[in-house]
Amino acid sequence: MRIGVNATGHGVPAALVDLLEAAGLPAAGLRVASTSSLATVGDTTWVPASGADVLAGCVRGALDAGIVGKDLLLEEDPDVYELLDLGVAADAIVYATPRVATAGRERSRPRVATPYPRVTRRHFGATGRQVEAVAFAAAALAPALGIAEGVVELRSRVAGAPLDLEVREEVAAVSLRLVAGPAAHVLLADELVALLERLRPSLEG
Amino acid sequence: MIPEGMHDVLPPETAELRAIENALCRRFEAYGYGEVRTPWLEFAETLEAAEDDTLEAGYRLYDQQGHELMLRTDMTVPVARLAASRYRDKPLPLRFCYVAPSIRPWAPQRSQDGEFEQAGAELLGLSSAAADAECVTLLCDALAGLGLSGYRVSLGTVAFYTALVDALGLPAGDREKFLEALADKDYPLLESIAGNAEADEAALKALWRTLELSGTRDGLSQARKLATSDAMEDAIQHLVEVRDLVDDAGFGDAITFDFGLFQDLTYYSGVIFEAYARGVGLPLASGGRYDGLLERFEWDIPGVGFAISLDRLHDALEEAGAAPAAAPACLTFVGGLEHPEHAMELRRAGWAVRALREGAAPQARPWLVREGNSYRLELAEGTAASGNWKDVLRALERA
């Protein structure tokens with residue numbers, strides 16, 4: 001099977017490799033993997049890549065399964081089936097604003113900086129509030145730069161922002177998920193079930 | 001240069017697509033399906049009968065009388081409109097097929113172009129498993145006929161899941177959300193909805209198992225174990241019947257069950273199916289039963305049909321190394337424009353001839369060289385008068 005794994009500049013999260021190894025999958029090579037490598041062990045080829053590339057690979061049928069963050073799934077709403085919550089890299093997308101409100105008039109449509117503009121629009125729209133979602137990758141910096149009055153960002157990235165940010169509400173809980181494209185779901189049903197059955201016991205531990 | 005989501009098709013791809021279209025049409029006709037064409041523009045009201053949410057942003061315009069028109073977004077609804085308005089007094093069943101482009105607003109998150117071409121078949125006026133089986137058989141036959149190997153058609157049914165979700169005893173609001181998550185195959189979300197609503201524990205456990213095993217070898221027996229109501233048993237029995245009939249027709253190996261198959265198109269009512277092949281992540285074709293659709297045009301007859309995506313099928317054939325042969329190799333004939341009589345003689349002999357103007361410096365003798373997968377022919381002065389033309393023909397005959 002060819003499995004895409006969400007890797008960042010820091011590589012693949014160690015907790016994920018632990019989980020895969022505990023499930024008896026030959027994932028040791030992922031500890032030192034970079035995003036431009038393929039690691040084949042037996043029948044399994046690991047493809048460390050950006051989350052977006054893992055999703056594209058699954059949708060296009062180039063990857064049989066993928067491991068990506070729920071935040072990306074919420075933002076991109078891709079054509080993949082979400083099979084299992086791996087519980088690793090657990091975090092939450094939150095709405096946070098400066099603990100001490102900055103001077104200046106209150107805007108009728110506050111600006112919210114976020115790497116997740118669609119999630120942000122959906123969240124505030126569903127709760128009947130008007131905001132301007134400002135796409136900004138380093139969202140936690142935005143209030144200090146005067147780009148926005150609030151941020152929608154991962155809880156872990158809100159901590160330690162230059163302007164002290166306080167979490168006002170949780171938008172969605174996120175963690176790494178096992179996904180598969182529609183074609184793999186039909187053509188490799190037996191293999192995917194075998195994979196799920198190996199992973200599930202190590203989740204409960 | 002062109003609007004987002006639109007695209008040109010260049011040779012030789014066009015010829016390959018044409019070959020695929022022709023092969024599909026011939027298969028459809030071999031089952032008695034008559035090809036129809038419908039206009040690009042329909043009244044918005046007509047297309048909206050499908051109650052498909054994705055149409056909200058469809059391309060709309062107004063005619064001089066102020067009627068709201070829409071560019072067609074698929075062919076199933078126009079064919080239903082056509083049948084209901086022109087075939088009411090004809091004996092049933094009716095069989096129609098089409099090869100046609102449709103257009104939807106382009107959305108980057110849907111992996112479909114704004115304009116897309118489909119080949120499809122619709123069987124109207126029959127509601128039996130045998131009718132469903134004919135459609136699935138025709139789909140398999142059409143794919144296999146093009147030389148596509150290793151494709152799979154997964155069969156599911158809307159009836160099974162609606163019955164199953166009813167058995168969970170969810171409150172109305174959660175039931176809606178649950179069905180939506182089911183269509184998305186968002187299993188963690190399903191779990192959390194069911195958990196919050198305190199759904200029946202045993203039924204739920206069985207549901208996960210079925211979802212997981214659907215498509216695998218054990219899928220069918222698992223679904224049978226899970227059937228707690230007559231409605232569910234009937235739904236399974238119906239699928240098995242369809243599979244057996246498709247098997248009798250010789251395509252049983254291609255069939256898998258997907259009890260998780262669930263589409264959000266509101267007009268599907270019974271059997272639904274999708275075709276997949278290696279190397280193409282999204283379905284090559286999808287279809288199903290839509291017994292309520294014709295009723296929206298005030299003719300209450302059942303219907304079942306499917307549509308194949310030409311682009312995805314083309315990709316799958318290429319992946320499988322079964323792409324149809326493109327146009328015949330073309331011979332380049334320098335001087336052919338000035339000597340149409342020779343160009344015609346070659347064409348009558350079966351060559352495709354691309355005629356060019358005479359060269360600036362005429363050759364002493366006619367020459368013929370290999371060029372790409374065909375030839376380049378250059379006439380010499382007075383070739384026609386001399387016996388040389390016969391030599392040229394002989395050389396080409398040997399080639």
# chains A, B, ... in the order shown; residues from 1 in each chain; ligands from 1
call {"tool": "interface_residues", "arguments": {"of": "chain B", "to": "chain A", "cutoff": "6 Å", "atoms": "only C-alpha atoms", "output": "PyMOL selection string"}}
result
chain B and resi 185-187+215-216+276+279-282
call {"tool": "residues_around", "arguments": {"residues": "range 290-300 of chain B", "least_positions_apart": "4", "cutoff": "9 Å", "atoms": "only C-alpha atoms", "output": "list in words"}}
result
Thr46, Ala49, Ala50, Val77, Ala80, Arg81, Ala83, Ala84, Ser85, Arg88, Leu124, Gly125, Ser127, Thr266, Tyr267, Tyr268, Ser269, Gly270, Val271, Val304 and Gly305 of chain B
call {"tool": "write_last_selection", "arguments": {"atoms": "C-alpha atoms", "output": "PDB file, in the first residue's frame"}}
result
ATOM      1  CA  THR B  46     -36.990  22.494 -15.240  1.00  0.00           C
ATOM      2  CA  ALA B  49     -36.888  20.042 -10.330  1.00  0.00           C
ATOM      3  CA  ALA B  50     -33.837  17.932  -9.440  1.00  0.00           C
ATOM      4  CA  VAL B  77     -33.076  15.866 -15.814  1.00  0.00           C
ATOM      5  CA  ALA B  80     -36.671  13.114 -17.948  1.00  0.00           C
ATOM      6  CA  ARG B  81     -38.197  16.381 -19.198  1.00  0.00           C
ATOM      7  CA  ALA B  83     -39.608  11.821 -21.977  1.00  0.00           C
ATOM      8  CA  ALA B  84     -42.416  13.385 -19.976  1.00  0.00           C
ATOM      9  CA  SER B  85     -43.206  15.952 -22.644  1.00  0.00           C
ATOM     10  CA  ARG B  88     -46.377   9.949 -22.791  1.00  0.00           C
ATOM     11  CA  LEU B 124     -37.625   4.532 -17.983  1.00  0.00           C
ATOM     12  CA  GLY B 125     -40.806   2.741 -16.997  1.00  0.00           C
ATOM     13  CA  SER B 127     -38.879  -0.718 -11.535  1.00  0.00           C
ATOM     14  CA  THR B 266     -32.181  13.951  -3.685  1.00  0.00           C
ATOM     15  CA  TYR B 267     -33.623  12.203  -6.715  1.00  0.00           C
ATOM     16  CA  TYR B 268     -31.975   8.815  -6.099  1.00  0.00           C
ATOM     17  CA  SER B 269     -34.413   6.411  -4.507  1.00  0.00           C
ATOM     18  CA  GLY B 270     -33.175   2.812  -4.661  1.00  0.00           C
ATOM     19  CA  VAL B 271     -30.122   1.100  -6.091  1.00  0.00           C
ATOM     20  CA  VAL B 304     -32.839   4.077 -13.598  1.00  0.00           C
ATOM     21  CA  GLY B 305     -29.691   5.215 -15.390  1.00  0.00           C
TER      22      GLY B 305
END
call {"tool": "select_by_dssp", "arguments": {"residues": "range 20-159 of chain A", "states": "alpha helix (DSSP H)", "output": "VMD selection string"}}
result
chain A and resid 20 to 22 51 to 59 70 to 76 117 to 126 142 to 145 155 to 158
call {"tool": "residues_around", "arguments": {"residues": "Gly42 in chain A", "least_positions_apart": "4", "cutoff": "12 Å", "atoms": "only C-alpha atoms", "output": "list in words"}}
result
Met1, Arg2, Leu25, Pro26, Ala27 and Trp46 of chain A
call {"tool": "write_last_selection", "arguments": {"atoms": "C-alpha atoms", "output": "compact mmCIF listing (two decimals), in the first residue's frame"}}
result
# COMPACT_ATOMS: atom_id res chain seq x y z
CA MET A 1 0.00 0.00 0.00
CA ARG A 2 1.09 3.53 -0.66
CA LEU A 25 3.60 -1.17 10.72
CA PRO A 26 7.14 -0.77 9.34
CA ALA A 27 7.27 2.97 9.97
CA TRP A 46 5.40 5.77 2.93
call {"tool": "residues_around", "arguments": {"residues": "Gly350 in chain B", "least_positions_apart": "5", "cutoff": "10 Å", "atoms": "only C-alpha atoms", "output": "list in words"}}
result
Pro328, Met344 and Glu345 of chain B
call {"tool": "atom_distance", "arguments": {"atom1": "CA of Thr38 in chain B", "atom2": "CA of Leu82 in chain B"}}
result
7.9 Å
call {"tool": "atom_distance", "arguments": {"atom1": "CA of His314 in chain B", "atom2": "CA of Glu16 in chain B"}}
result
8.0 Å
call {"tool": "residues_around", "arguments": {"residues": "Leu123 in chain B", "least_positions_apart": "6", "cutoff": "8 Å", "atoms": "only C-alpha atoms", "output": "list of chain:residue names"}}
result
B:Pro93, B:Leu94, B:Arg95, B:Phe96, B:Ala131, B:Cys135, B:Gly303, B:Val304, B:Gly305
call {"tool": "decode", "arguments": {"residues": "range 11-89 of chain A", "atoms": "C-alpha atoms", "output": "compact mmCIF listing (two decimals), in the first residue's frame"}}
result
# COMPACT_ATOMS: atom_id res chain seq x y z
CA GLY A 11 9.26 15.94 9.75
CA VAL A 12 6.62 13.44 10.83
CA PRO A 13 5.33 13.79 14.44
CA ALA A 14 7.14 11.29 16.69
CA ALA A 15 3.86 10.35 18.40
CA LEU A 16 2.48 9.27 15.03
CA VAL A 17 5.49 7.09 14.26
CA ASP A 18 5.14 5.56 17.75
CA LEU A 19 1.51 4.76 17.02
CA LEU A 20 2.24 3.24 13.61
CA GLU A 21 5.05 1.12 15.03
CA ALA A 22 2.91 0.00 17.97
CA ALA A 23 0.42 -1.21 15.35
CA GLY A 24 3.19 -3.30 13.82
CA LEU A 25 3.60 -1.17 10.72
CA PRO A 26 7.14 -0.77 9.34
CA ALA A 27 7.27 2.97 9.97
CA ALA A 28 10.71 3.42 11.60
CA GLY A 29 12.05 5.14 8.49
CA LEU A 30 9.56 7.97 8.98
CA ARG A 31 11.52 9.24 12.01
CA VAL A 32 14.15 10.69 9.74
CA ALA A 33 12.00 11.15 6.63
CA SER A 34 11.98 14.36 4.66
CA THR A 35 9.17 15.48 2.38
CA SER A 36 11.05 14.62 -0.79
CA SER A 37 11.59 10.96 -0.07
CA LEU A 38 9.75 7.70 -0.56
CA ALA A 39 10.36 4.90 1.93
CA THR A 40 9.38 1.40 0.83
CA VAL A 41 9.40 -1.39 3.41
CA GLY A 42 7.89 -4.66 2.23
CA ASP A 43 4.46 -3.94 0.75
CA THR A 44 4.23 -0.49 2.29
CA THR A 45 5.49 2.71 0.69
CA TRP A 46 5.40 5.77 2.93
CA VAL A 47 5.09 9.12 1.22
CA PRO A 48 5.84 11.99 3.61
CA ALA A 49 4.38 15.15 2.07
CA SER A 50 2.46 18.31 2.86
CA GLY A 51 -1.10 17.71 4.00
CA ALA A 52 -2.46 19.26 0.80
CA ASP A 53 -0.34 16.91 -1.31
CA VAL A 54 -1.46 13.89 0.70
CA LEU A 55 -5.08 14.87 0.03
CA ALA A 56 -4.43 15.47 -3.67
CA GLY A 57 -2.72 12.06 -3.90
CA CYS A 58 -5.71 10.34 -2.27
CA VAL A 59 -8.30 12.11 -4.43
CA ARG A 60 -6.33 11.43 -7.63
CA GLY A 61 -5.87 7.77 -6.78
CA ALA A 62 -2.07 7.96 -6.48
CA LEU A 63 -2.13 7.20 -2.74
CA ASP A 64 -4.10 4.32 -1.24
CA ALA A 65 -4.51 6.05 2.12
CA GLY A 66 -3.31 9.17 3.88
CA ILE A 67 -2.77 10.64 7.32
CA VAL A 68 -3.65 14.33 7.60
CA GLY A 69 -4.86 16.84 10.19
CA LYS A 70 -8.57 17.41 10.75
CA ASP A 71 -7.90 21.16 10.43
CA LEU A 72 -6.95 20.69 6.79
CA LEU A 73 -9.96 18.42 6.18
CA LEU A 74 -12.27 21.07 7.62
CA GLU A 75 -10.69 23.82 5.55
CA GLU A 76 -10.42 22.00 2.23
CA ASP A 77 -13.49 19.76 2.43
CA PRO A 78 -11.84 17.32 0.02
CA ASP A 79 -13.38 14.26 -1.67
CA VAL A 80 -11.91 11.73 0.77
CA TYR A 81 -13.39 9.34 3.31
CA GLU A 82 -12.34 9.91 6.87
CA LEU A 83 -11.83 6.45 8.34
CA LEU A 84 -10.25 6.81 11.74
CA ASP A 85 -9.35 9.41 14.34
CA LEU A 86 -5.76 8.55 15.27
CA GLY A 87 -5.89 10.87 18.28
CA VAL A 88 -2.32 12.00 17.63
CA ALA A 89 -1.35 15.69 17.50
